[in-house]
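For reference, the structure discussed in these notes is given below.
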Amino acid sequence: MGFDMRVLLAEDETELGNWLTKALAQSDFQVDWVNDGRLVRRSLKSTRYDALILDLGLPGVEGHHVLDDLREAGETLPVLILTARDSLKERVSCLHGGADDFLTKPFELTELEARLIALIRRSRGNEHPRFACGPLSYDSATKQFRLQHEPLTLTPREHAVLRALIQHSGEAMSKRELLERVFSDEQDVHPEAIEVLVHRLRKRLENAPVSITTLRGMGYLLECPP
């Protein structure tokens, strides 16, 4: 698929939530699932997501209000609405409220995935983003790093850490954010695992004008030459 996609799913039907979380994970999405509208803002504050799948019929805070709150707060995250109510009026009100797309239950998984990918690509600006930090570049289509025009050989976990950092270059990423991206499928991984990977990456980058800086209390930042 070419790039990491982390999605927040807000859905109160347990069976549907379980199924979607597992099905999307098989297509390279990382899915966090909440079943109450009050938990959406909390999740968005603690984690960086690429899209929100929002069911309208949520307990706590109804989906329409969740969407209104997000847009009033200036949150630009792509939002895909799920609803059992298939009416033109409903669709129009969601789109006016700031939703990016709309899917009526029951739906096909392939259609949900296609719409999600389209929303995320649109929000990121192009289909196969190429990220650069001075002489270091990452092509998300080929999943290849190059340093000073030469391929940079990395272990899968080093690759995952550096990819997260270059995709957010100029922003600090906490150890927890990096842990979740690199070890998303494993439990009880110690935060020191990230320190080890960063140490190894620093060695690989030591002769280049690109560096990974530690910001106390905030995490790691990929610094690019001016």
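Labels used: A, B, ... for chains in the order of the structure tokens, numbers from 1 for residues in each chain, and numbers from 1 for ligands as shown.
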Item to check | 10 Å contact set for region 176-178 of chain A, only C-alpha atoms, chain neighbours under 2 positions out, as a ChimeraX atom specification | outcome: /A:46-48,160-162,164-165,172-174,180-184,190-191,194,219-220
Could you write out the selected residues, including C-alpha atoms, as a compact mmCIF listing (two decimals), in the first residue's frame?
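The resulting file, selection31.txt, is reproduced below:
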# COMPACT_ATOMS: atom_id res chain seq x y z
CA SER A 46 -2.71 11.41 22.91
CA THR A 47 -2.06 9.88 19.45
CA ARG A 48 -1.50 11.13 15.91
CA ALA A 160 10.12 1.71 10.93
CA VAL A 161 11.63 4.21 13.40
CA LEU A 162 13.36 6.27 10.71
CA ALA A 164 8.11 7.58 11.39
CA LEU A 165 10.69 10.30 12.09
CA ALA A 172 9.21 15.57 18.04
CA MET A 173 7.90 12.02 18.41
CA SER A 174 7.65 10.51 21.87
CA GLU A 180 3.31 1.93 18.98
CA ARG A 181 4.41 2.28 15.36
CA VAL A 182 7.35 -0.12 15.52
CA PHE A 183 5.99 -2.78 17.91
CA SER A 184 2.25 -2.40 17.22
CA HIS A 190 10.21 -1.88 27.03
CA PRO A 191 10.66 1.78 25.94
CA ILE A 194 13.45 2.53 21.04
CA GLY A 219 11.06 12.53 22.49
CA TYR A 220 13.11 12.41 19.31
Quick one: contact table of region 32-85 of chain A to region 106-120 of chain A, 9 Å max, nearest atom pair and distance in Å to one decimal per residue, counting only C-alpha atoms, chain and number order, as JSON lines?
{"residue": "A:Asp50", "atom": "CA", "partner": "A:Ile120", "partner_atom": "CA", "distance": 6.2}
{"residue": "A:Ala51", "atom": "CA", "partner": "A:Ile120", "partner_atom": "CA", "distance": 6.6}
{"residue": "A:Ile53", "atom": "CA", "partner": "A:Leu116", "partner_atom": "CA", "distance": 8.6}
{"residue": "A:Leu77", "atom": "CA", "partner": "A:Ile120", "partner_atom": "CA", "distance": 9.0}
{"residue": "A:Pro78", "atom": "CA", "partner": "A:Leu119", "partner_atom": "CA", "distance": 6.3}
{"residue": "A:Val79", "atom": "CA", "partner": "A:Leu119", "partner_atom": "CA", "distance": 8.3}
{"residue": "A:Leu80", "atom": "CA", "partner": "A:Leu116", "partner_atom": "CA", "distance": 7.3}
{"residue": "A:Thr83", "atom": "CA", "partner": "A:Pro106", "partner_atom": "CA", "distance": 8.8}
{"residue": "A:Ala84", "atom": "CA", "partner": "A:Pro106", "partner_atom": "CA", "distance": 7.4}
Checklist entry - Which distance in Å separates CA of Ser137 (chain A) and CA of Val7 (chain A), to one decimal? => result 25.1 Å
Checklist entry - Residues of region 4-217 of chain A in alpha helix (DSSP H) according to DSSP, as a ChimeraX atom specification? => result /A:14-25,38-46,63-72,88-96,109-124,156-167,175-182,192-204
Next on the checklist: Quick check, in Å to one decimal: how far apart do CA of His199 (chain A) and CA of Tyr138 (chain A) lie?
Outcome noted: 19.7 Å
Could you build a table of the residues in region 51-165 of chain A lying no more than 12 Å from region 203-210 of chain A, giving for each the nearest pair of atoms and their separation in Å rounded to one decimal place, using only C-alpha atoms, ordered by chain and ascending residue number, as a tab-separated table?
residue	atom	partner	partner_atom	distance
A:Ala132	CA	A:Val210	CA	10.5
A:Cys133	CA	A:Val210	CA	7.1
A:Gly134	CA	A:Val210	CA	6.7
A:Pro135	CA	A:Ala208	CA	7.6
A:Leu136	CA	A:Val210	CA	7.3
A:Ser137	CA	A:Val210	CA	10.7
A:Phe145	CA	A:Leu205	CA	11.9
A:Arg146	CA	A:Leu205	CA	11.2
A:Leu147	CA	A:Ala208	CA	8.0
A:Gln148	CA	A:Ala208	CA	8.1
A:His149	CA	A:Ala208	CA	11.8
A:Leu152	CA	A:Arg204	CA	8.6
A:Thr153	CA	A:Arg204	CA	9.2
A:Leu154	CA	A:Arg204	CA	8.8
A:Thr155	CA	A:Arg204	CA	11.4
A:Glu158	CA	A:Arg204	CA	10.1
A:His159	CA	A:Arg204	CA	11.5
A:Leu162	CA	A:Leu205	CA	10.7
A:Leu165	CA	A:Val210	CA	11.7
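Scanning region 32-103 of chain A with DSSP on the backbone, the strand (DSSP E) assignments fall on Asp32, Trp33, Val34, Ala51, Leu52, Ile53, Leu54, Asp55, Val79, Leu80, Ile81, Leu82, Thr83, Asp101, Phe102 and Leu103 of chain A.
One finds CA of Glu15 (chain A) at 24.4 Å from CA of Ala99 (chain A).
Among the candidates A:Gly17, A:Leu222, A:Leu67, A:Ser211, the one nearest to Val40 (chain A) when counting only C-alpha atoms is A:Leu67.
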Item to check | Non-local contacts of Leu58 (chain A) (8 Å; only C-alpha atoms; under 6 positions in same chain excluded) as a ChimeraX atom specification | outcome: /A:10-12,35-37
Checklist entry - Pick from A:Glu171, A:Ala23, A:Leu44, A:Gly63: nearest to Leu8 (chain A), with only C-alpha atoms counted? => result A:Leu44
